[in-house]
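A.B. asks: What follows is a single structure, and I will ask about it in a moment.
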Amino acid sequence: MENKAKLTIDSLSDNIGLARVTVASFASQLNFTLAELEEIKVAISEAVSNSIIHGYAEESGEIEIRMRVYGEQLEIIVKDQGCGIEDIEAACEPAYTTAGRMGLGLVFIDSFMDKFEIESKAAKGTTLKMIKIPAQEKKQIN
Amino acid sequence: MENKAKLTIDSLSDNIGLARVTVASFASQLNFTLAELEEIKVAISEAVSNSIIHGYAEESGEIEIRMRVYGEQLEIIVKDQGCGIEDIEAACEPAYTTAGRMGLGLVFIDSFMDKFEIESKAAKGTTLKMIKIPAQEKKQIN
Amino acid sequence: IGEIKRHLRDNNPIRVSRSLRDTAYKALQMKESLENKKSKEPNLNEIAEELGISREDIVYALDAIQDPISLFEPIYH
Ligand SMILES: Nc1ncnc2c1ncn2[C@@H]1O[C@H](COP(=O)(O)OP(=O)(O)O)[C@@H](O)[C@H]1O
Ligand SMILES: Nc1ncnc2c1ncn2[C@@H]1O[C@H](COP(=O)(O)OP(=O)(O)O)[C@@H](O)[C@H]1O
Ligand SMILES: [Mg+2]
Ligand SMILES: [Mg+2]
């Protein structure tokens, strides 16, 4: 079984909730628990708000959220065409922030997802790729 | 204030609920009552299921759902690249159906929306454009 | 359940309608009862099927009643 969807939103903080609900709804076709869906929602909120706050720095732009299920995996790709991340390794450190914030967004995403990759180029933008598998399915594999 | 979003889905009936919830979530930035949001959800379900059942006739394709708010209006455009509607006027008649169904989908959409337009070309596809304004705002204008 | 009810009552934005709250409640209650019955955490599909409410509508309702701050509590504690 494969299924996919793509949500494209204006970079407005009003749309964070939209992204969260859309991705969680899409994810719910797999056997995620409510707690796992909450983790997915936090990851999406963090990713999208990073694109809005850091990537576009309150300028306007578009954020693309691709969702795909294949087998029992959920893949989510969040992409902006903002300023890019200068030092990806540093950005992933807890408490690292360039905007006087908490510096935990990327740490949360990493801890809530089974796989997490960042691609970024200065002045080109940032793409986050995340994969999550329901714990229930992982148990069955073992 | 303007805000927009676009959802693109595979033409699978599994995705009808996703489209419904995404549009309702986007619509909720305007002052719609719960009853109005339900009407929007029904209209989206009918539009998307028409694209799946009639437009693509269970073949695979993509459905694009564009959402926009401007002023106090919600505009929704649902577009498929399926078989198209042969006779748009006939299709809008109550109980008209080419698939042994109820023939009320387009009637519902028309009655729930403030404005409803259909564009369709054989073998090219169908585009529905709908506009809805919260009753609360309409009262204030008068 | 009492605690959930109190939480919902205390943290409800006014915009959240009664029926959304009802849906969210039912989902949380059903989660607990399935958890007790099967002694494992149910997935959303099981909750949705048991309630006869679509999984997307449950996602929407749960999101609407959510106090965003509470999301982070488990991490900070
Ligand atoms: N989409 C993005 N575009 C540009 N920079 C980003 C993006 N996402 C993250 N960053 C950079 O990585 C840093 C760490 O991000 P994060 O862990 O979410 O912490 P915070 O958002 O609290 O600063 C940010 O401060 C910013 O410098
Ligand atoms: N997206 C579409 N693509 C092709 N044909 C369509 C589409 N939407 C509607 N139609 C045609 O219009 C008719 C009436 O649609 P509707 O009022 O929803 O009734 P029903 O779906 O129950 O047949 C359909 O039977 C079909 O022939
Ligand atoms: Mg952040
Ligand atoms: Mg129909």
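Ligands are numbered from 1 in the order shown, residues from 1 within each chain, and chains are lettered A, B, ... in the order they appear in the structure tokens.
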Once you count only C-alpha atoms and all ligand atoms, which residues end up within 7 Å of ligand 3, and could you hand them over as a list in words?
C.D. replies: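 My answer, listing the contacting residues, is Glu46, Ala47, Ser49, Asn50, Gly103, Leu104, Gly105 and Leu106 of chain A.
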A.B. asks: Counting only C-alpha atoms, what is within 6 Å of B:Gly84, bar same-chain residues fewer than 5 positions away, as a list in words?
C.D. replies: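 Close residues of B:Gly84: Ser120, Lys121, Ala122, Ala123, Gly125 and Thr126 of chain B.
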A.B. asks: I need the strand (DSSP E) residues of chain A per DSSP on the backbone, written as a ChimeraX atom specification.
C.D. replies: /A:2-10,62-70,73-80,115-121,125-132
A.B. asks: Residues up to 12 Å from ligand 4, counting only C-alpha atoms and all ligand atoms: could you list those as a ChimeraX atom specification?
C.D. replies: /B:42-55,85,91-109
A.B. asks: For the selection just defined, write its residues with N, CA, C and O atoms to a file, as a tab-separated table (two decimals), in the first residue's frame.
C.D. replies:
```
chain	number	residue	atom	x	y	z
B	42	VAL	N	-19.17	18.62	4.27
B	42	VAL	CA	-19.99	17.82	3.36
B	42	VAL	C	-19.66	18.18	1.91
B	42	VAL	O	-19.47	17.31	1.06
B	43	ALA	N	-19.57	19.48	1.62
B	43	ALA	CA	-19.27	19.91	0.25
B	43	ALA	C	-17.94	19.33	-0.23
B	43	ALA	O	-17.83	18.85	-1.36
B	44	ILE	N	-16.93	19.37	0.63
B	44	ILE	CA	-15.61	18.83	0.25
B	44	ILE	C	-15.68	17.32	0.03
B	44	ILE	O	-15.13	16.79	-0.93
B	45	SER	N	-16.35	16.62	0.93
B	45	SER	CA	-16.49	15.17	0.76
B	45	SER	C	-17.14	14.84	-0.57
B	45	SER	O	-16.70	13.93	-1.28
B	46	GLU	N	-18.19	15.58	-0.91
B	46	GLU	CA	-18.90	15.31	-2.16
B	46	GLU	C	-18.02	15.61	-3.37
B	46	GLU	O	-17.96	14.84	-4.32
B	47	ALA	N	-17.33	16.74	-3.31
B	47	ALA	CA	-16.48	17.14	-4.44
B	47	ALA	C	-15.35	16.13	-4.65
B	47	ALA	O	-15.10	15.67	-5.77
B	48	VAL	N	-14.67	15.79	-3.55
B	48	VAL	CA	-13.52	14.88	-3.67
B	48	VAL	C	-13.98	13.48	-4.06
B	48	VAL	O	-13.37	12.82	-4.90
B	49	SER	N	-15.11	13.03	-3.50
B	49	SER	CA	-15.53	11.68	-3.89
B	49	SER	C	-16.00	11.65	-5.34
B	49	SER	O	-15.79	10.65	-6.03
B	50	ASN	N	-16.57	12.72	-5.84
B	50	ASN	CA	-16.88	12.78	-7.28
B	50	ASN	C	-15.62	12.64	-8.13
B	50	ASN	O	-15.62	11.92	-9.13
B	51	SER	N	-14.56	13.34	-7.75
B	51	SER	CA	-13.31	13.23	-8.51
B	51	SER	C	-12.79	11.79	-8.49
B	51	SER	O	-12.31	11.28	-9.51
B	52	ILE	N	-12.90	11.16	-7.35
B	52	ILE	CA	-12.39	9.78	-7.23
B	52	ILE	C	-13.27	8.80	-8.02
B	52	ILE	O	-12.78	8.03	-8.84
B	53	ILE	N	-14.58	8.89	-7.79
B	53	ILE	CA	-15.50	7.89	-8.35
B	53	ILE	C	-15.78	8.14	-9.83
B	53	ILE	O	-15.70	7.24	-10.66
B	54	HIS	N	-16.13	9.39	-10.16
B	54	HIS	CA	-16.49	9.70	-11.54
B	54	HIS	C	-15.28	10.14	-12.35
B	54	HIS	O	-15.01	9.61	-13.42
B	55	GLY	N	-14.54	11.14	-11.85
B	55	GLY	CA	-13.45	11.73	-12.61
B	55	GLY	C	-12.42	10.69	-12.99
B	55	GLY	O	-12.09	10.51	-14.16
B	85	ILE	N	-17.03	16.24	-17.13
B	85	ILE	CA	-18.49	16.07	-17.08
B	85	ILE	C	-19.04	16.40	-18.46
B	85	ILE	O	-18.77	17.47	-19.00
B	91	ALA	N	-25.87	17.37	-14.97
B	91	ALA	CA	-25.22	16.85	-13.77
B	91	ALA	C	-25.70	17.56	-12.51
B	91	ALA	O	-25.74	16.97	-11.42
B	92	CYS	N	-26.11	18.81	-12.66
B	92	CYS	CA	-26.54	19.59	-11.50
B	92	CYS	C	-28.01	19.33	-11.11
B	92	CYS	O	-28.46	19.78	-10.06
B	93	GLU	N	-28.73	18.61	-11.95
B	93	GLU	CA	-30.12	18.26	-11.61
B	93	GLU	C	-30.16	17.27	-10.45
B	93	GLU	O	-29.37	16.33	-10.41
B	94	PRO	N	-31.10	17.46	-9.52
B	94	PRO	CA	-31.24	16.48	-8.43
B	94	PRO	C	-31.53	15.10	-9.02
B	94	PRO	O	-32.25	14.98	-10.01
B	95	ALA	N	-30.94	14.10	-8.43
B	95	ALA	CA	-31.14	12.69	-8.79
B	95	ALA	C	-30.48	12.30	-10.12
B	95	ALA	O	-30.56	11.14	-10.52
B	96	TYR	N	-29.80	13.24	-10.79
B	96	TYR	CA	-29.05	12.86	-11.99
B	96	TYR	C	-27.75	12.17	-11.58
B	96	TYR	O	-26.96	12.73	-10.82
B	97	THR	N	-27.57	10.97	-12.07
B	97	THR	CA	-26.33	10.26	-11.78
B	97	THR	C	-25.97	9.36	-12.94
B	97	THR	O	-26.86	8.84	-13.62
B	98	THR	N	-24.67	9.20	-13.20
B	98	THR	CA	-24.24	8.28	-14.24
B	98	THR	C	-23.67	7.01	-13.63
B	98	THR	O	-23.11	6.19	-14.32
B	99	ALA	N	-23.79	6.89	-12.31
B	99	ALA	CA	-23.12	5.77	-11.67
B	99	ALA	C	-24.02	5.06	-10.67
B	99	ALA	O	-23.55	4.45	-9.72
B	100	GLY	N	-25.32	5.17	-10.88
B	100	GLY	CA	-26.26	4.47	-10.01
B	100	GLY	C	-26.18	4.92	-8.56
B	100	GLY	O	-26.39	4.14	-7.63
B	101	ARG	N	-25.84	6.21	-8.37
B	101	ARG	CA	-25.74	6.73	-7.02
B	101	ARG	C	-26.94	7.63	-6.72
B	101	ARG	O	-27.98	7.53	-7.37
B	102	MET	N	-26.78	8.53	-5.73
B	102	MET	CA	-27.96	9.31	-5.34
B	102	MET	C	-28.17	10.56	-6.20
B	102	MET	O	-29.26	11.13	-6.24
B	103	GLY	N	-27.10	11.02	-6.82
B	103	GLY	CA	-27.25	12.18	-7.68
B	103	GLY	C	-27.52	13.47	-6.92
B	103	GLY	O	-28.13	14.41	-7.44
B	104	LEU	N	-27.04	13.54	-5.68
B	104	LEU	CA	-27.30	14.74	-4.88
B	104	LEU	C	-26.05	15.53	-4.51
B	104	LEU	O	-26.13	16.61	-3.94
B	105	GLY	N	-24.89	14.99	-4.87
B	105	GLY	CA	-23.64	15.64	-4.45
B	105	GLY	C	-23.55	17.10	-4.88
B	105	GLY	O	-23.32	18.00	-4.07
B	106	LEU	N	-23.75	17.35	-6.16
B	106	LEU	CA	-23.61	18.72	-6.67
B	106	LEU	C	-24.74	19.61	-6.15
B	106	LEU	O	-24.54	20.81	-5.93
B	107	VAL	N	-25.90	19.01	-5.90
B	107	VAL	CA	-27.02	19.76	-5.32
B	107	VAL	C	-26.67	20.23	-3.90
B	107	VAL	O	-26.91	21.38	-3.53
B	108	PHE	N	-26.07	19.33	-3.14
B	108	PHE	CA	-25.64	19.69	-1.78
B	108	PHE	C	-24.62	20.82	-1.82
B	108	PHE	O	-24.73	21.81	-1.10
B	109	ILE	N	-23.61	20.66	-2.66
B	109	ILE	CA	-22.56	21.68	-2.73
B	109	ILE	C	-23.20	23.03	-3.04
B	109	ILE	O	-22.92	24.03	-2.38
```
A.B. asks: Kindly determine which residues of chain B lie within 7 Å of chain C, considering only C-alpha atoms, and give the answer as a PDB file with N, CA and C atoms, in the first residue's frame.
C.D. replies:
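This is the output file selection_16.pdb:
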```
ATOM      1  N   GLY B  17     -11.457  11.846   4.082  1.00  0.00           N
ATOM      2  CA  GLY B  17     -11.471  12.398   5.445  1.00  0.00           C
ATOM      3  C   GLY B  17     -10.359  13.423   5.643  1.00  0.00           C
ATOM      4  N   LEU B  18      -9.202  13.145   5.050  1.00  0.00           N
ATOM      5  CA  LEU B  18      -8.072  14.072   5.139  1.00  0.00           C
ATOM      6  C   LEU B  18      -8.434  15.421   4.524  1.00  0.00           C
ATOM      7  N   VAL B  21     -11.038  17.331   6.770  1.00  0.00           N
ATOM      8  CA  VAL B  21     -10.497  17.913   7.994  1.00  0.00           C
ATOM      9  C   VAL B  21      -9.524  19.059   7.685  1.00  0.00           C
TER      10      VAL B  21
END
```
A.B. asks: Smallest atom-to-atom distance to chain A: which of B:Asn31, B:Leu37, B:Gly61, B:Phe116, using only C-alpha atoms?
C.D. replies: B:Gly61
A.B. asks: For atom CA of B:Ile118 and atom CA of A:Lys4, quote the distance in Å rounded to one decimal.
C.D. replies: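 Distance between the two atoms: 26.3 Å.
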A.B. asks: With 9 Å as the limit and counting only C-alpha atoms, what residues in chain B lie close to chain A? Please list them as a ChimeraX atom specification.
C.D. replies: /B:3-10,12,14-15,17-19,21-23,25-26,29
A.B. asks: Those selected residues, please, written with all heavy atoms and delivered as a compact mmCIF listing (two decimals), in the first residue's frame.
C.D. replies:
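After the write, part-v6.txt holds the following:
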```txt
# COMPACT_ATOMS: atom_id res chain seq x y z
N ASN B 3 -4.72 34.58 3.17
CA ASN B 3 -3.98 33.39 3.54
C ASN B 3 -4.39 32.29 2.58
O ASN B 3 -5.54 32.22 2.17
CB ASN B 3 -4.34 32.99 4.98
CG ASN B 3 -3.49 31.83 5.49
OD1 ASN B 3 -2.50 31.45 4.87
ND2 ASN B 3 -3.88 31.28 6.62
N LYS B 4 -3.40 31.45 2.20
CA LYS B 4 -3.80 30.35 1.33
C LYS B 4 -3.02 29.08 1.60
O LYS B 4 -1.94 29.09 2.23
CB LYS B 4 -3.71 30.76 -0.14
CG LYS B 4 -2.39 31.26 -0.60
CD LYS B 4 -2.53 31.79 -2.03
CE LYS B 4 -1.27 32.53 -2.48
NZ LYS B 4 -0.03 32.30 -1.76
N ALA B 5 -3.58 28.00 1.15
CA ALA B 5 -2.97 26.69 1.32
C ALA B 5 -3.46 25.81 0.19
O ALA B 5 -4.49 26.08 -0.42
CB ALA B 5 -3.35 26.10 2.67
N LYS B 6 -2.69 24.78 -0.09
CA LYS B 6 -3.09 23.86 -1.16
C LYS B 6 -2.80 22.44 -0.70
O LYS B 6 -1.72 22.15 -0.18
CB LYS B 6 -2.26 24.16 -2.41
CG LYS B 6 -2.65 23.34 -3.61
CD LYS B 6 -1.89 23.78 -4.85
CE LYS B 6 -0.58 23.03 -4.96
NZ LYS B 6 0.18 23.37 -6.17
N LEU B 7 -3.78 21.58 -0.85
CA LEU B 7 -3.60 20.17 -0.51
C LEU B 7 -3.72 19.35 -1.79
O LEU B 7 -4.68 19.50 -2.53
CB LEU B 7 -4.67 19.73 0.49
CG LEU B 7 -4.63 18.25 0.91
CD1 LEU B 7 -3.43 17.96 1.80
CD2 LEU B 7 -5.92 17.85 1.62
N THR B 8 -2.73 18.51 -2.05
CA THR B 8 -2.79 17.62 -3.21
C THR B 8 -2.83 16.19 -2.70
O THR B 8 -1.98 15.80 -1.90
CB THR B 8 -1.54 17.81 -4.10
OG1 THR B 8 -1.36 19.20 -4.34
CG2 THR B 8 -1.69 17.08 -5.42
N ILE B 9 -3.82 15.44 -3.13
CA ILE B 9 -3.95 14.07 -2.63
C ILE B 9 -4.04 13.07 -3.77
O ILE B 9 -4.50 13.39 -4.87
CB ILE B 9 -5.22 13.90 -1.75
CG1 ILE B 9 -6.47 14.36 -2.51
CG2 ILE B 9 -5.10 14.65 -0.44
CD1 ILE B 9 -7.78 14.07 -1.78
N ASP B 10 -3.62 11.84 -3.50
CA ASP B 10 -3.88 10.75 -4.42
C ASP B 10 -5.38 10.46 -4.42
O ASP B 10 -6.04 10.62 -3.40
CB ASP B 10 -3.13 9.49 -3.96
CG ASP B 10 -1.64 9.54 -4.28
OD1 ASP B 10 -1.20 10.54 -4.87
OD2 ASP B 10 -0.93 8.57 -3.93
N LEU B 12 -7.62 8.40 -3.68
CA LEU B 12 -8.00 7.21 -2.91
C LEU B 12 -9.08 7.61 -1.93
O LEU B 12 -9.01 8.68 -1.32
CB LEU B 12 -6.79 6.70 -2.10
CG LEU B 12 -5.56 6.24 -2.88
CD1 LEU B 12 -4.41 5.96 -1.92
CD2 LEU B 12 -5.91 4.99 -3.67
N ASP B 14 -9.60 6.65 0.90
CA ASP B 14 -8.94 6.87 2.19
C ASP B 14 -8.64 8.34 2.46
O ASP B 14 -8.49 8.74 3.60
CB ASP B 14 -7.59 6.14 2.15
CG ASP B 14 -7.54 5.04 3.18
OD1 ASP B 14 -8.59 4.76 3.79
OD2 ASP B 14 -6.46 4.47 3.38
N ASN B 15 -8.50 9.15 1.40
CA ASN B 15 -8.08 10.54 1.58
C ASN B 15 -9.23 11.54 1.67
O ASN B 15 -9.00 12.74 1.82
CB ASN B 15 -7.13 10.95 0.45
CG ASN B 15 -5.78 10.25 0.55
OD1 ASN B 15 -5.36 9.89 1.66
ND2 ASN B 15 -5.11 10.07 -0.56
N GLY B 17 -11.46 11.85 4.08
CA GLY B 17 -11.47 12.40 5.45
C GLY B 17 -10.36 13.42 5.64
O GLY B 17 -10.54 14.44 6.32
N LEU B 18 -9.20 13.14 5.05
CA LEU B 18 -8.07 14.07 5.14
C LEU B 18 -8.43 15.42 4.52
O LEU B 18 -8.19 16.48 5.12
CB LEU B 18 -6.87 13.47 4.41
CG LEU B 18 -5.61 14.33 4.31
CD1 LEU B 18 -4.97 14.50 5.67
CD2 LEU B 18 -4.62 13.74 3.32
N ALA B 19 -9.03 15.38 3.34
CA ALA B 19 -9.42 16.62 2.66
C ALA B 19 -10.45 17.38 3.50
O ALA B 19 -10.35 18.60 3.66
CB ALA B 19 -9.99 16.30 1.28
N VAL B 21 -11.04 17.33 6.77
CA VAL B 21 -10.50 17.91 7.99
C VAL B 21 -9.52 19.06 7.68
O VAL B 21 -9.50 20.07 8.39
CB VAL B 21 -9.83 16.81 8.85
CG1 VAL B 21 -8.86 17.40 9.83
CG2 VAL B 21 -10.89 16.00 9.57
N THR B 22 -8.74 18.91 6.62
CA THR B 22 -7.80 19.98 6.26
C THR B 22 -8.56 21.25 5.90
O THR B 22 -8.22 22.35 6.37
CB THR B 22 -6.90 19.54 5.08
OG1 THR B 22 -6.17 18.39 5.50
CG2 THR B 22 -5.94 20.64 4.68
N VAL B 23 -9.59 21.11 5.08
CA VAL B 23 -10.34 22.30 4.68
C VAL B 23 -11.08 22.91 5.89
O VAL B 23 -11.08 24.13 6.07
CB VAL B 23 -11.32 21.99 3.53
CG1 VAL B 23 -12.19 23.20 3.22
CG2 VAL B 23 -10.55 21.56 2.28
N SER B 25 -10.20 22.77 8.96
CA SER B 25 -9.20 23.39 9.82
C SER B 25 -8.77 24.75 9.24
O SER B 25 -8.64 25.74 9.97
CB SER B 25 -8.00 22.43 9.93
OG SER B 25 -7.00 22.97 10.72
N PHE B 26 -8.58 24.80 7.94
CA PHE B 26 -8.24 26.07 7.29
C PHE B 26 -9.39 27.07 7.42
O PHE B 26 -9.18 28.25 7.73
CB PHE B 26 -7.93 25.83 5.81
CG PHE B 26 -7.46 27.07 5.08
CD1 PHE B 26 -6.14 27.49 5.18
CD2 PHE B 26 -8.34 27.82 4.31
CE1 PHE B 26 -5.71 28.64 4.54
CE2 PHE B 26 -7.92 28.97 3.66
CZ PHE B 26 -6.60 29.38 3.78
N GLN B 29 -10.30 29.65 10.53
CA GLN B 29 -9.75 30.99 10.82
C GLN B 29 -10.78 32.10 10.58
O GLN B 29 -10.60 33.21 11.05
CB GLN B 29 -8.49 31.25 10.00
CG GLN B 29 -8.71 31.33 8.51
CD GLN B 29 -7.40 31.27 7.74
OE1 GLN B 29 -6.61 32.19 7.75
NE2 GLN B 29 -7.16 30.16 7.07
```
A.B. asks: Figure out the distance between atom CA of A:Glu36 and atom CA of C:Leu28, please, to one decimal in Å.
C.D. replies: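 A separation of 14.3 Å between them.
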A.B. asks: Work out how far atom CA of B:Lys79 is from atom CA of B:Ala135, in Å to one decimal.
C.D. replies: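 Value for the atom CA of B:Ala135-atom CA of B:Lys79 distance: 26.3 Å.
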A.B. asks: At a cut-off of 7 Å, using only C-alpha atoms, what residues contact B:Glu75? Leave out same-chain residues fewer than 4 positions from it and give the result as a list in words.
C.D. replies: Met67, Arg68, Val69, Met130, Ile131 and Lys132 of chain B
A.B. asks: Store the residues picked out above in a file with N, CA, C and O atoms, as a PDB file, in the first residue's frame.
C.D. replies:
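Saved as out36.pdb:
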```
ATOM      1  N   MET B  67      -7.223  26.365  -1.145  1.00  0.00           N
ATOM      2  CA  MET B  67      -8.024  27.099  -0.167  1.00  0.00           C
ATOM      3  C   MET B  67      -7.472  28.502  -0.054  1.00  0.00           C
ATOM      4  O   MET B  67      -6.261  28.694  -0.082  1.00  0.00           O
ATOM      5  N   ARG B  68      -8.379  29.467   0.089  1.00  0.00           N
ATOM      6  CA  ARG B  68      -7.903  30.832   0.237  1.00  0.00           C
ATOM      7  C   ARG B  68      -8.913  31.593   1.071  1.00  0.00           C
ATOM      8  O   ARG B  68     -10.117  31.402   0.910  1.00  0.00           O
ATOM      9  N   VAL B  69      -8.438  32.402   2.003  1.00  0.00           N
ATOM     10  CA  VAL B  69      -9.344  33.365   2.625  1.00  0.00           C
ATOM     11  C   VAL B  69      -8.863  34.752   2.233  1.00  0.00           C
ATOM     12  O   VAL B  69      -7.664  35.020   2.162  1.00  0.00           O
ATOM     13  N   MET B 130     -15.829  27.142  -5.234  1.00  0.00           N
ATOM     14  CA  MET B 130     -16.878  27.434  -4.249  1.00  0.00           C
ATOM     15  C   MET B 130     -16.451  28.613  -3.382  1.00  0.00           C
ATOM     16  O   MET B 130     -15.276  28.752  -3.055  1.00  0.00           O
ATOM     17  N   ILE B 131     -17.430  29.410  -3.000  1.00  0.00           N
ATOM     18  CA  ILE B 131     -17.156  30.494  -2.057  1.00  0.00           C
ATOM     19  C   ILE B 131     -18.177  30.424  -0.933  1.00  0.00           C
ATOM     20  O   ILE B 131     -19.364  30.188  -1.177  1.00  0.00           O
ATOM     21  N   LYS B 132     -17.686  30.570   0.286  1.00  0.00           N
ATOM     22  CA  LYS B 132     -18.610  30.608   1.430  1.00  0.00           C
ATOM     23  C   LYS B 132     -18.203  31.741   2.363  1.00  0.00           C
ATOM     24  O   LYS B 132     -17.024  31.960   2.624  1.00  0.00           O
TER      25      LYS B 132
END
```
A.B. asks: Please, which residues of stretch 11-131 of chain A, numbered as in this document, come out alpha helix (DSSP H) from DSSP, as number ranges by chain?
C.D. replies: A: 16-27, 34-50, 88-91, 105-112
A.B. asks: Please provide the set of residues having any atom within 7 Å of C:Pro42, restricted to only C-alpha atoms, with same-chain residues fewer than 4 positions apart removed, written as a list of chain:residue names.
C.D. replies: A:Thr33, C:Lys31, C:Leu34, C:Glu35, C:Glu46, C:Ile47
A.B. asks: Please produce an output containing N, CA, C and O atoms for each residue in the selection, written as a short mmCIF file (atom, residue, chain, number, x, y, z; two decimals), in the first residue's frame.
C.D. replies:
```
data_model
loop_
_atom_site.label_atom_id
_atom_site.label_comp_id
_atom_site.auth_asym_id
_atom_site.auth_seq_id
_atom_site.Cartn_x
_atom_site.Cartn_y
_atom_site.Cartn_z
N THR A 33 -0.51 5.18 18.00
CA THR A 33 -1.27 5.48 19.22
C THR A 33 -1.47 7.00 19.31
O THR A 33 -0.81 7.76 18.60
N LYS C 31 -9.96 5.39 24.91
CA LYS C 31 -8.55 5.00 25.00
C LYS C 31 -8.28 4.31 26.34
O LYS C 31 -7.68 3.25 26.40
N LEU C 34 -10.10 0.84 26.56
CA LEU C 34 -9.44 -0.19 25.75
C LEU C 34 -8.10 -0.58 26.36
O LEU C 34 -7.70 -1.75 26.34
N GLU C 35 -7.45 0.41 26.94
CA GLU C 35 -6.15 0.16 27.56
C GLU C 35 -6.31 -0.82 28.73
O GLU C 35 -5.53 -1.75 28.89
N GLU C 46 -8.28 1.74 16.33
CA GLU C 46 -9.11 0.93 17.23
C GLU C 46 -10.11 1.80 17.98
O GLU C 46 -11.28 1.45 18.14
N ILE C 47 -9.64 2.97 18.42
CA ILE C 47 -10.53 3.90 19.14
C ILE C 47 -11.64 4.39 18.20
O ILE C 47 -12.82 4.39 18.56
#
```
A.B. asks: For C:Ser33, find every residue with an atom within 12 Å (counting only C-alpha atoms), except residues of its own chain fewer than 6 positions away, and show them as a ChimeraX atom specification.
C.D. replies: /C:1,26-27,39-42,46-47,50-51
A.B. asks: Okay, now the selection with N, CA and C atoms, as a PDB file, in the first residue's frame?
C.D. replies:
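So the final result, stored in again-v1.pdb, reads:
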```
ATOM      1  N   ILE C   1     -10.070   9.999  34.752  1.00  0.00           N
ATOM      2  CA  ILE C   1     -11.060  10.737  33.951  1.00  0.00           C
ATOM      3  C   ILE C   1     -11.364  12.092  34.592  1.00  0.00           C
ATOM      4  N   LYS C  26     -14.783  11.517  24.411  1.00  0.00           N
ATOM      5  CA  LYS C  26     -15.138  10.119  24.129  1.00  0.00           C
ATOM      6  C   LYS C  26     -13.897   9.357  23.701  1.00  0.00           C
ATOM      7  N   ALA C  27     -13.061  10.010  22.883  1.00  0.00           N
ATOM      8  CA  ALA C  27     -11.852   9.341  22.402  1.00  0.00           C
ATOM      9  C   ALA C  27     -10.912   9.031  23.562  1.00  0.00           C
ATOM     10  N   SER C  39      -4.832  -4.276  28.256  1.00  0.00           N
ATOM     11  CA  SER C  39      -3.558  -3.945  28.891  1.00  0.00           C
ATOM     12  C   SER C  39      -2.443  -3.639  27.885  1.00  0.00           C
ATOM     13  N   LYS C  40      -2.824  -2.967  26.797  1.00  0.00           N
ATOM     14  CA  LYS C  40      -1.827  -2.300  25.959  1.00  0.00           C
ATOM     15  C   LYS C  40      -2.466  -1.067  25.337  1.00  0.00           C
ATOM     16  N   GLU C  41      -1.627  -0.132  24.938  1.00  0.00           N
ATOM     17  CA  GLU C  41      -2.156   1.123  24.432  1.00  0.00           C
ATOM     18  C   GLU C  41      -2.813   0.912  23.063  1.00  0.00           C
ATOM     19  N   PRO C  42      -4.084   1.294  22.934  1.00  0.00           N
ATOM     20  CA  PRO C  42      -4.746   1.094  21.641  1.00  0.00           C
ATOM     21  C   PRO C  42      -4.230   2.111  20.622  1.00  0.00           C
ATOM     22  N   GLU C  46      -8.280   1.744  16.335  1.00  0.00           N
ATOM     23  CA  GLU C  46      -9.114   0.929  17.225  1.00  0.00           C
ATOM     24  C   GLU C  46     -10.111   1.800  17.975  1.00  0.00           C
ATOM     25  N   ILE C  47      -9.643   2.973  18.422  1.00  0.00           N
ATOM     26  CA  ILE C  47     -10.530   3.904  19.137  1.00  0.00           C
ATOM     27  C   ILE C  47     -11.640   4.387  18.203  1.00  0.00           C
ATOM     28  N   GLU C  50     -14.214   1.628  17.440  1.00  0.00           N
ATOM     29  CA  GLU C  50     -15.063   1.374  18.612  1.00  0.00           C
ATOM     30  C   GLU C  50     -16.116   2.480  18.782  1.00  0.00           C
ATOM     31  N   LEU C  51     -15.747   3.717  18.483  1.00  0.00           N
ATOM     32  CA  LEU C  51     -16.670   4.853  18.672  1.00  0.00           C
ATOM     33  C   LEU C  51     -17.568   5.095  17.459  1.00  0.00           C
TER      34      LEU C  51
END
```
A.B. asks: For C:Arg21, please output as number ranges by chain all residues within 8 Å (counting only C-alpha atoms; exclusion window: fewer than 6 positions along the same chain).
C.D. replies: C: 61-62, 65
A.B. asks: Can you write just those residues out, C-alpha atoms, as a short mmCIF file (atom, residue, chain, number, x, y, z; two decimals), in the first residue's frame?
C.D. replies:
```cif
data_model
loop_
_atom_site.label_atom_id
_atom_site.label_comp_id
_atom_site.auth_asym_id
_atom_site.auth_seq_id
_atom_site.Cartn_x
_atom_site.Cartn_y
_atom_site.Cartn_z
CA ALA C 61 -11.21 17.27 17.97
CA LEU C 62 -8.19 16.29 20.06
CA ILE C 65 -9.03 20.96 22.87
#
```
